[in-house]
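Peer 1: Structure: data.cif, mmCIF, C-alpha atoms.
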```cif
data_model
loop_
_atom_site.group_PDB
_atom_site.id
_atom_site.type_symbol
_atom_site.label_atom_id
_atom_site.label_comp_id
_atom_site.auth_asym_id
_atom_site.auth_seq_id
_atom_site.Cartn_x
_atom_site.Cartn_y
_atom_site.Cartn_z
ATOM 1 C CA MET X 27 6.288 -7.966 24.941
ATOM 2 C CA THR X 28 8.861 -5.634 23.426
ATOM 3 C CA PHE X 29 8.052 -1.950 23.233
ATOM 4 C CA ASN X 30 10.018 0.107 20.719
ATOM 5 C CA VAL X 31 8.536 3.494 21.424
ATOM 6 C CA TYR X 32 5.998 5.012 23.817
ATOM 7 C CA TRP X 33 3.616 7.790 22.836
ATOM 8 C CA GLU X 34 4.860 10.016 25.674
ATOM 9 C CA ASP X 35 8.379 9.997 24.259
ATOM 10 C CA VAL X 36 7.457 11.057 20.711
ATOM 11 C CA LYS X 37 7.889 14.708 19.773
ATOM 12 C CA GLU X 38 6.247 16.581 16.947
ATOM 13 C CA GLY X 39 8.879 17.340 14.339
ATOM 14 C CA GLN X 40 11.030 14.328 15.101
ATOM 15 C CA LYS X 41 12.220 12.130 12.277
ATOM 16 C CA VAL X 42 11.785 8.375 12.571
ATOM 17 C CA PRO X 43 14.680 6.099 11.610
ATOM 18 C CA THR X 44 14.955 5.751 7.832
ATOM 19 C CA TRP X 45 14.545 2.419 6.049
ATOM 20 C CA SER X 46 16.456 1.753 2.878
ATOM 21 C CA ARG X 47 16.874 -0.767 0.067
ATOM 22 C CA LYS X 48 18.781 -0.787 -3.199
ATOM 23 C CA THR X 49 16.334 -2.517 -5.521
ATOM 24 C CA ASP X 50 16.613 -4.499 -8.719
ATOM 25 C CA PHE X 51 15.093 -7.625 -10.241
ATOM 26 C CA MET X 52 15.986 -9.666 -7.130
ATOM 27 C CA HIS X 53 13.557 -7.571 -5.102
ATOM 28 C CA TRP X 54 10.959 -6.998 -7.804
ATOM 29 C CA ASN X 55 10.770 -10.656 -8.815
ATOM 30 C CA ARG X 56 10.402 -11.843 -5.222
ATOM 31 C CA TYR X 57 7.613 -9.345 -4.686
ATOM 32 C CA ALA X 58 5.968 -10.327 -7.958
ATOM 33 C CA ALA X 59 6.051 -13.956 -6.835
ATOM 34 C CA VAL X 60 4.165 -13.314 -3.594
ATOM 35 C CA ASN X 61 1.771 -10.694 -4.941
ATOM 36 C CA ASP X 62 1.217 -12.478 -8.264
ATOM 37 C CA GLU X 63 2.263 -9.260 -9.948
ATOM 38 C CA PHE X 64 3.905 -10.557 -13.102
ATOM 39 C CA VAL X 65 3.635 -7.511 -15.332
ATOM 40 C CA TYR X 66 6.024 -7.066 -18.239
ATOM 41 C CA ILE X 67 6.962 -3.495 -17.363
ATOM 42 C CA HIS X 68 8.426 -4.838 -14.104
ATOM 43 C CA MET X 69 10.181 -7.781 -15.725
ATOM 44 C CA ASP X 70 11.294 -6.843 -19.227
ATOM 45 C CA ASP X 71 13.399 -3.891 -20.403
ATOM 46 C CA GLU X 72 11.719 -3.741 -23.813
ATOM 47 C CA ALA X 73 8.314 -3.507 -22.189
ATOM 48 C CA GLY X 74 9.587 -0.816 -19.832
ATOM 49 C CA ARG X 75 10.845 1.231 -22.770
ATOM 50 C CA ALA X 76 7.540 0.761 -24.590
ATOM 51 C CA ALA X 77 5.919 2.295 -21.502
ATOM 52 C CA LEU X 78 8.171 5.304 -22.104
ATOM 53 C CA ASN X 79 10.794 4.543 -19.466
ATOM 54 C CA GLU X 80 14.127 4.823 -21.288
ATOM 55 C CA GLN X 81 15.918 2.754 -18.677
ATOM 56 C CA GLY X 82 13.665 -0.220 -19.270
ATOM 57 C CA ALA X 83 11.891 -2.311 -16.627
ATOM 58 C CA PHE X 84 10.989 -0.506 -13.404
ATOM 59 C CA GLY X 85 9.817 -1.404 -9.913
ATOM 60 C CA MET X 86 6.218 -1.764 -8.798
ATOM 61 C CA GLY X 87 4.662 0.922 -6.622
ATOM 62 C CA ASN X 88 3.293 -1.749 -4.298
ATOM 63 C CA LEU X 89 6.810 -2.617 -3.200
ATOM 64 C CA ARG X 90 7.498 0.959 -2.148
ATOM 65 C CA TRP X 91 4.190 0.816 -0.285
ATOM 66 C CA ALA X 92 5.478 -2.228 1.595
ATOM 67 C CA TYR X 93 8.769 -0.450 2.319
ATOM 68 C CA LEU X 94 6.921 2.460 3.941
ATOM 69 C CA HIS X 95 5.087 -0.028 6.143
ATOM 70 C CA ASN X 96 8.391 -1.637 7.024
ATOM 71 C CA MET X 97 9.792 1.694 8.182
ATOM 72 C CA LEU X 98 6.770 2.393 10.373
ATOM 73 C CA ARG X 99 6.806 -1.070 11.839
ATOM 74 C CA ASP X 100 10.531 -1.110 12.554
ATOM 75 C CA TRP X 101 10.198 2.230 14.342
ATOM 76 C CA ALA X 102 6.927 1.717 16.210
ATOM 77 C CA GLY X 103 7.364 -1.982 17.008
ATOM 78 C CA ASP X 104 5.019 -4.919 17.433
ATOM 79 C CA GLU X 105 2.939 -3.334 20.185
ATOM 80 C CA ALA X 106 1.831 -0.402 17.981
ATOM 81 C CA TRP X 107 -0.718 -0.291 15.155
ATOM 82 C CA VAL X 108 -0.710 1.508 11.826
ATOM 83 C CA VAL X 109 -4.172 3.062 11.711
ATOM 84 C CA SER X 110 -3.849 4.390 8.176
ATOM 85 C CA MET X 111 -1.332 5.062 5.449
ATOM 86 C CA GLY X 112 -1.529 6.725 2.077
ATOM 87 C CA CYS X 113 0.870 7.664 -0.678
ATOM 88 C CA GLN X 114 1.127 8.677 -4.310
ATOM 89 C CA PHE X 115 3.635 7.324 -6.795
ATOM 90 C CA ARG X 116 5.226 10.357 -8.398
ATOM 91 C CA ALA X 117 8.427 8.976 -9.915
ATOM 92 C CA ILE X 118 9.652 5.675 -11.241
ATOM 93 C CA ASN X 119 11.749 3.211 -9.250
ATOM 94 C CA GLN X 120 14.615 2.455 -11.648
ATOM 95 C CA LYS X 121 16.926 -0.567 -11.454
ATOM 96 C CA ASN X 122 19.594 -0.068 -8.763
ATOM 97 C CA ASP X 123 17.879 2.931 -7.229
ATOM 98 C CA VAL X 124 18.637 3.269 -3.525
ATOM 99 C CA LEU X 125 15.216 3.880 -1.996
ATOM 100 C CA THR X 126 15.135 5.465 1.444
ATOM 101 C CA CYS X 127 11.877 5.719 3.351
ATOM 102 C CA GLU X 128 11.635 8.804 5.517
ATOM 103 C CA GLY X 129 9.054 9.877 8.075
ATOM 104 C CA THR X 130 8.507 12.977 10.210
ATOM 105 C CA VAL X 131 6.033 13.216 13.079
ATOM 106 C CA THR X 132 3.695 16.116 12.362
ATOM 107 C CA LYS X 133 1.106 15.764 15.109
ATOM 108 C CA LYS X 134 0.608 13.926 18.371
ATOM 109 C CA TYR X 135 -2.872 13.563 19.923
ATOM 110 C CA GLU X 136 -5.421 11.373 21.630
ATOM 111 C CA LYS X 137 -8.640 10.270 19.958
ATOM 112 C CA ASP X 138 -11.225 7.780 21.234
ATOM 113 C CA GLY X 139 -8.762 6.332 23.703
ATOM 114 C CA MET X 140 -6.065 5.782 21.075
ATOM 115 C CA TYR X 141 -2.802 7.660 21.383
ATOM 116 C CA LEU X 142 -1.887 8.669 17.886
ATOM 117 C CA VAL X 143 0.861 10.256 15.853
ATOM 118 C CA ASP X 144 0.524 11.556 12.321
ATOM 119 C CA LEU X 145 3.539 11.390 10.059
ATOM 120 C CA GLU X 146 4.572 12.757 6.704
ATOM 121 C CA LEU X 147 6.287 10.103 4.636
ATOM 122 C CA ASN X 148 8.291 9.806 1.470
ATOM 123 C CA VAL X 149 10.437 7.381 -0.462
ATOM 124 C CA VAL X 150 13.534 9.241 -1.627
ATOM 125 C CA ASN X 151 16.014 7.897 -4.155
ATOM 126 C CA GLN X 152 19.762 8.470 -4.370
ATOM 127 C CA LYS X 153 19.223 11.567 -6.534
ATOM 128 C CA ASN X 154 17.003 12.986 -3.767
ATOM 129 C CA ASP X 155 13.879 12.584 -5.927
ATOM 130 C CA LYS X 156 10.863 12.309 -3.655
ATOM 131 C CA THR X 157 9.170 9.402 -5.360
ATOM 132 C CA ALA X 158 6.230 8.545 -3.099
ATOM 133 C CA PRO X 159 4.935 11.328 -0.831
ATOM 134 C CA GLY X 160 2.453 10.161 1.753
ATOM 135 C CA MET X 161 1.036 10.268 5.254
ATOM 136 C CA ALA X 162 0.347 7.823 8.025
ATOM 137 C CA THR X 163 -1.336 7.657 11.409
ATOM 138 C CA VAL X 164 0.079 5.245 13.987
ATOM 139 C CA ALA X 165 -1.426 4.272 17.352
ATOM 140 C CA LEU X 166 1.280 3.837 19.973
ATOM 141 C CA PRO X 167 1.377 2.206 23.383
ATOM 142 C CA LYS X 168 1.727 4.390 26.433
ATOM 143 C CA ARG X 169 4.336 4.091 29.129
ATOM 144 C CA THR X 170 1.738 4.822 31.829
ATOM 145 C CA GLY X 171 -2.023 4.785 31.794
ATOM 146 C CA ALA X 172 -4.568 2.975 29.697
ATOM 147 C CA TYR X 173 -4.519 3.082 25.921
ATOM 148 C CA LYS X 174 -6.512 1.477 23.171
ATOM 149 C CA LEU X 175 -5.319 -0.504 20.168
ATOM 150 C CA PRO X 176 -7.219 -2.742 17.741
ATOM 151 C CA LYS X 177 -7.466 -6.336 18.957
ATOM 152 C CA MET E 26 -8.535 20.210 -35.589
ATOM 153 C CA THR E 27 -9.293 17.287 -33.291
ATOM 154 C CA SER E 28 -12.101 18.228 -30.899
ATOM 155 C CA GLN E 29 -11.304 17.836 -27.229
ATOM 156 C CA PRO E 30 -13.899 16.127 -25.035
ATOM 157 C CA GLN E 31 -15.821 18.273 -22.575
ATOM 158 C CA THR E 32 -15.628 15.555 -19.973
ATOM 159 C CA LEU E 33 -13.973 12.220 -19.383
ATOM 160 C CA VAL E 34 -16.815 11.080 -17.134
ATOM 161 C CA THR E 35 -18.739 8.364 -18.947
ATOM 162 C CA GLU E 36 -22.296 7.108 -18.600
ATOM 163 C CA GLU E 37 -20.820 3.781 -17.601
ATOM 164 C CA MET E 38 -19.059 5.445 -14.677
ATOM 165 C CA LYS E 39 -22.273 7.122 -13.551
ATOM 166 C CA LYS E 40 -24.046 3.761 -13.550
ATOM 167 C CA ARG E 41 -21.219 2.146 -11.614
ATOM 168 C CA ARG E 42 -21.071 4.793 -8.904
ATOM 169 C CA ASP E 43 -21.743 3.317 -5.426
ATOM 170 C CA ASN E 44 -22.632 -0.035 -6.968
ATOM 171 C CA TRP E 45 -20.857 -2.517 -4.749
ATOM 172 C CA SER E 46 -19.428 -5.589 -6.404
ATOM 173 C CA GLU E 47 -20.322 -9.125 -5.438
ATOM 174 C CA PRO E 48 -17.892 -10.289 -2.754
ATOM 175 C CA ARG E 49 -14.844 -12.211 -3.810
ATOM 176 C CA TYR E 50 -13.215 -14.606 -1.399
ATOM 177 C CA SER E 51 -9.605 -15.351 -0.650
ATOM 178 C CA PRO E 52 -8.300 -18.795 0.198
ATOM 179 C CA PRO E 53 -7.334 -19.131 3.878
ATOM 180 C CA ALA E 54 -4.256 -17.039 4.649
ATOM 181 C CA SER E 55 -1.558 -19.569 5.381
ATOM 182 C CA LEU E 56 1.487 -19.338 7.624
ATOM 183 C CA SER E 57 3.565 -20.035 4.537
ATOM 184 C CA ASP E 58 1.963 -17.203 2.518
ATOM 185 C CA ILE E 59 2.575 -14.792 5.379
ATOM 186 C CA ARG E 60 6.193 -15.913 5.820
ATOM 187 C CA LYS E 61 6.983 -15.638 2.111
ATOM 188 C CA TRP E 62 5.360 -12.202 1.859
ATOM 189 C CA ALA E 63 7.394 -10.942 4.811
ATOM 190 C CA ILE E 64 10.614 -12.383 3.360
ATOM 191 C CA ALA E 65 9.942 -10.746 -0.023
ATOM 192 C CA VAL E 66 9.262 -7.257 1.334
ATOM 193 C CA TYR E 67 12.214 -7.347 3.733
ATOM 194 C CA TRP E 68 14.622 -8.919 1.252
ATOM 195 C CA PRO E 69 17.580 -9.328 1.658
ATOM 196 C CA GLU E 70 17.271 -8.959 5.454
ATOM 197 C CA LYS E 71 15.320 -11.253 7.748
ATOM 198 C CA PRO E 72 11.766 -10.067 8.397
ATOM 199 C CA PRO E 73 10.378 -9.317 11.883
ATOM 200 C CA ARG E 74 9.673 -12.407 13.963
ATOM 201 C CA LEU E 75 6.018 -11.448 14.374
ATOM 202 C CA TYR E 76 5.476 -12.759 10.853
ATOM 203 C CA TRP E 77 7.180 -16.188 11.103
ATOM 204 C CA ASP E 78 8.177 -17.083 14.704
ATOM 205 C CA GLU E 79 5.168 -18.537 16.509
ATOM 206 C CA GLU E 80 6.914 -18.677 19.896
ATOM 207 C CA TYR E 81 7.877 -15.009 19.695
ATOM 208 C CA ALA E 82 4.486 -13.971 18.252
ATOM 209 C CA LYS E 83 2.736 -15.561 21.270
ATOM 210 C CA THR E 84 4.487 -13.013 23.528
ATOM 211 C CA THR E 85 3.025 -10.028 21.621
ATOM 212 C CA ARG E 86 -0.363 -8.418 22.050
ATOM 213 C CA TYR E 87 -1.569 -10.457 19.071
ATOM 214 C CA GLY E 88 -0.915 -13.767 20.776
ATOM 215 C CA GLY E 89 0.276 -15.313 17.526
ATOM 216 C CA ILE E 90 1.558 -14.706 14.036
ATOM 217 C CA ILE E 91 -0.215 -12.017 11.993
ATOM 218 C CA ALA E 92 0.312 -10.831 8.432
ATOM 219 C CA PRO E 93 1.998 -7.528 7.542
ATOM 220 C CA PRO E 94 -0.593 -4.785 6.855
ATOM 221 C CA ASP E 95 0.386 -4.739 3.174
ATOM 222 C CA PHE E 96 -0.242 -8.501 2.805
ATOM 223 C CA ASN E 97 -2.542 -9.519 -0.056
ATOM 224 C CA PRO E 98 -4.491 -12.740 0.632
ATOM 225 C CA PHE E 99 -6.238 -12.449 -2.746
ATOM 226 C CA ALA E 100 -3.043 -13.044 -4.711
ATOM 227 C CA TRP E 101 -2.918 -16.121 -6.942
ATOM 228 C CA PRO E 102 -6.616 -16.637 -7.635
ATOM 229 C CA VAL E 103 -7.535 -19.654 -9.735
ATOM 230 C CA GLU E 104 -10.155 -17.686 -11.688
ATOM 231 C CA ARG E 105 -8.422 -14.713 -13.325
ATOM 232 C CA GLU E 106 -10.028 -11.303 -13.684
ATOM 233 C CA VAL E 107 -9.805 -9.760 -17.142
ATOM 234 C CA MET E 108 -7.631 -6.696 -16.642
ATOM 235 C CA ASN E 109 -8.914 -3.376 -17.973
ATOM 236 C CA THR E 110 -6.134 -2.356 -20.343
ATOM 237 C CA ASN E 111 -7.967 0.632 -21.803
ATOM 238 C CA ALA E 112 -5.964 3.212 -19.903
ATOM 239 C CA THR E 113 -2.191 2.751 -20.058
ATOM 240 C CA PRO E 114 0.712 5.191 -19.864
ATOM 241 C CA GLN E 115 1.017 5.108 -23.672
ATOM 242 C CA GLY E 116 -2.711 5.315 -24.349
ATOM 243 C CA GLY E 117 -4.209 6.208 -27.667
ATOM 244 C CA GLY E 118 -5.530 9.742 -27.371
ATOM 245 C CA VAL E 119 -7.266 11.994 -24.878
ATOM 246 C CA GLY E 120 -8.973 10.041 -22.120
ATOM 247 C CA THR E 121 -7.209 6.782 -22.914
ATOM 248 C CA ARG E 122 -3.991 7.385 -21.039
ATOM 249 C CA GLY E 123 -3.959 6.321 -17.441
ATOM 250 C CA MET E 124 -1.829 5.887 -14.387
ATOM 251 C CA ASN E 125 -1.967 5.035 -10.722
ATOM 252 C CA GLY E 126 -2.773 8.105 -8.641
ATOM 253 C CA GLY E 127 -2.004 6.524 -5.301
ATOM 254 C CA GLN E 128 -3.867 4.857 -2.481
ATOM 255 C CA THR E 129 -4.854 5.207 1.154
ATOM 256 C CA GLU E 130 -5.677 2.345 3.495
ATOM 257 C CA TRP E 131 -7.296 2.244 6.908
ATOM 258 C CA TYR E 132 -6.524 -0.830 9.021
ATOM 259 C CA HIS E 133 -9.081 -2.161 11.462
ATOM 260 C CA ALA E 134 -8.035 -5.711 12.380
ATOM 261 C CA PRO E 135 -5.029 -7.958 11.780
ATOM 262 C CA ILE E 136 -5.078 -10.868 9.348
ATOM 263 C CA ARG E 137 -4.292 -14.133 11.099
ATOM 264 C CA PRO E 138 -3.344 -17.526 9.674
ATOM 265 C CA GLY E 139 -6.480 -19.325 8.620
ATOM 266 C CA ASP E 140 -8.484 -16.145 8.036
ATOM 267 C CA VAL E 141 -10.644 -16.133 4.926
ATOM 268 C CA LEU E 142 -11.135 -12.617 3.611
ATOM 269 C CA HIS E 143 -13.854 -11.337 1.352
ATOM 270 C CA SER E 144 -13.772 -8.013 -0.427
ATOM 271 C CA THR E 145 -16.201 -5.770 -2.216
ATOM 272 C CA SER E 146 -15.506 -2.620 -4.255
ATOM 273 C CA ALA E 147 -17.267 0.346 -5.752
ATOM 274 C CA LEU E 148 -16.431 3.485 -7.662
ATOM 275 C CA VAL E 149 -17.275 6.086 -5.035
ATOM 276 C CA ASP E 150 -16.087 9.447 -6.270
ATOM 277 C CA TRP E 151 -14.387 11.409 -9.019
ATOM 278 C CA ASN E 152 -13.318 14.874 -9.892
ATOM 279 C CA GLU E 153 -12.165 16.343 -13.150
ATOM 280 C CA ARG E 154 -9.985 19.359 -13.831
ATOM 281 C CA THR E 155 -7.460 20.703 -16.268
ATOM 282 C CA THR E 156 -3.898 19.908 -15.307
ATOM 283 C CA ARG E 157 -0.563 20.055 -17.103
ATOM 284 C CA LEU E 158 -1.667 16.808 -18.763
ATOM 285 C CA GLY E 159 -4.819 18.459 -20.167
ATOM 286 C CA LEU E 160 -8.325 17.433 -19.115
ATOM 287 C CA THR E 161 -7.702 14.983 -16.272
ATOM 288 C CA LEU E 162 -10.071 12.727 -14.385
ATOM 289 C CA PHE E 163 -9.283 11.468 -10.871
ATOM 290 C CA ASP E 164 -11.525 8.596 -9.773
ATOM 291 C CA THR E 165 -11.650 6.848 -6.417
ATOM 292 C CA THR E 166 -12.496 3.198 -5.945
ATOM 293 C CA GLU E 167 -13.221 1.998 -2.426
ATOM 294 C CA THR E 168 -12.514 -1.610 -1.482
ATOM 295 C CA ARG E 169 -13.573 -3.141 1.831
ATOM 296 C CA TRP E 170 -12.098 -6.320 3.267
ATOM 297 C CA TYR E 171 -13.871 -8.413 5.873
ATOM 298 C CA ASN E 172 -12.798 -11.620 7.574
ATOM 299 C CA GLN E 173 -14.854 -14.769 8.112
ATOM 300 C CA ARG E 174 -16.377 -13.239 11.254
ATOM 301 C CA ASN E 175 -17.545 -10.300 9.121
ATOM 302 C CA GLU E 176 -15.212 -7.989 10.987
ATOM 303 C CA LEU E 177 -13.957 -5.086 8.919
ATOM 304 C CA VAL E 178 -10.264 -5.651 8.293
ATOM 305 C CA LYS E 179 -9.306 -2.918 5.875
ATOM 306 C CA VAL E 180 -10.688 -0.100 3.745
ATOM 307 C CA ARG E 181 -8.735 1.054 0.721
ATOM 308 C CA HIS E 182 -9.156 4.046 -1.564
ATOM 309 C CA SER E 183 -7.389 3.721 -4.895
ATOM 310 C CA VAL E 184 -7.100 6.745 -7.136
ATOM 311 C CA GLY E 185 -6.925 6.298 -10.886
ATOM 312 C CA ILE E 186 -5.851 9.085 -13.201
ATOM 313 C CA ARG E 187 -7.086 9.285 -16.779
ATOM 314 C CA TYR E 188 -6.148 11.986 -19.250
#
```
Please re-express this file's structure in structure tokens.

Peer 2:
Amino acid sequence: MTFNVYWEDVKEGQKVPTWSRKTDFMHWNRYAAVNDEFVYIHMDDEAGRAALNEQGAFGMGNLRWAYLHNMLRDWAGDEAWVVSMGCQFRAINQKNDVLTCEGTVTKKYEKDGMYLVDLELNVVNQKNDKTAPGMATVALPKRTGAYKLPK
Amino acid sequence: MTSQPQTLVTEEMKKRRDNWSEPRYSPPASLSDIRKWAIAVYWPEKPPRLYWDEEYAKTTRYGGIIAPPDFNPFAWPVEREVMNTNATPQGGGVGTRGMNGGQTEWYHAPIRPGDVLHSTSALVDWNERTTRLGLTLFDTTETRWYNQRNELVKVRHSVGIRY
């Protein structure tokens, strides 16, 4: 087993490593193919403009959702568990946006045998627009002592 | 002067509240589906081995490959749902414009290759207030996923915005 981070070592206020992608049709089309999300506003500039986005086609919120999960996973590792995650989609993901997922630990606590951290999240673009504010709770392994994680 | 509605809550919504849908079933989650999903969301970098390397996955607490938490086993159904296109960003007047207000998910168990999921949904809550968009309705739909052992896998709250 490979442990990325132990609960004991996490500090409230710390930032987790960011996770970033510059997205365009190559990313959106691949995601559409696996999620069966073939929607014209994500594929066609005319449709994007008809939906009142001057720049044309735009990325799906679900992909940013996946990116937030990727950040949490890459930080916490395979021996941790995302208990919950939530976000809102406040701004559009335009073609060639550089999307950077950010997370800050806001609280560290034990509950029902699980050793948890709460985080504030966001997906920030290259103009520093905060496009998808959110929160997550992650259950982490412990360096010493028993801890609980879903099976 | 066009009269503004007093409420965007409809009788149809009131009838639907807490009425859980008949379960719909996914096909078995395949190793290939999981691998492709992981590749797509990590593109252009290689995804974590937990999602495609059986030998590595055996060394983890899961004992084998699992799907990413954002994985959708219900994608590509043969029978297509008719999408509700009433509320779109362009809309056609008060109460007909809509957008995605966000979502929250709670994860209870991993999805493993071969798992067959079933899901059920219900409109569970709403609130209405005046925002910068005018009279605005926020509704919450809850969706529950279970696996073939009837273990709860995931609960999702999706918020829709209509104005």

Peer 1: Between CA of Leu162 (chain E) and CA of Thr129 (chain E), what is the distance in Å, rounded to a tenth?

Peer 2: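 Interatomic distance, CA of Leu162 (chain E) to CA of Thr129 (chain E): 18.0 Å.
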
Peer 1: Using only C-alpha atoms, which of the listed residues (X:Gln152, X:Asn122, X:Gln81, X:Asn55) sits closest to chain E?

Peer 2: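 Smallest separation from chain E among the options: X:Asn55.
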
Peer 1: Residues at most 9 Å from Glu128 (chain X), counting all atoms listed in the file, excluding those fewer than 5 positions away in the same chain, as number ranges by chain?

Peer 2: X: 41-46, 94, 97, 146-150

Peer 1: Run the PyMOL selection byres ((chain E) within 8 of (chain X)) on the file and write out the hits as a VMD selection string.

Peer 2: chain E and resid 58 61 to 62 65 to 68 75 84 to 87 94 to 95 97 100 to 101 114 to 115 125 to 135

Peer 1: As a check of understanding, name the residues that the PyMOL selection byres ((chain E and resi 79) around 6) selects in the supplied structure, as a VMD selection string.

Peer 2: chain E and resid 78 80 to 82 89 to 90

Peer 1: For CA of Arg60 (chain E) and CA of Asn119 (chain X), quote the distance in Å rounded to one decimal.

Peer 2: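 Value for the CA of Arg60 (chain E)-CA of Asn119 (chain X) distance: 25.0 Å.
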
Peer 1: How many Å lie between CA of Leu142 (chain X) and CA of Cys127 (chain X), rounded to one decimal?

Peer 2: 20.2 Å
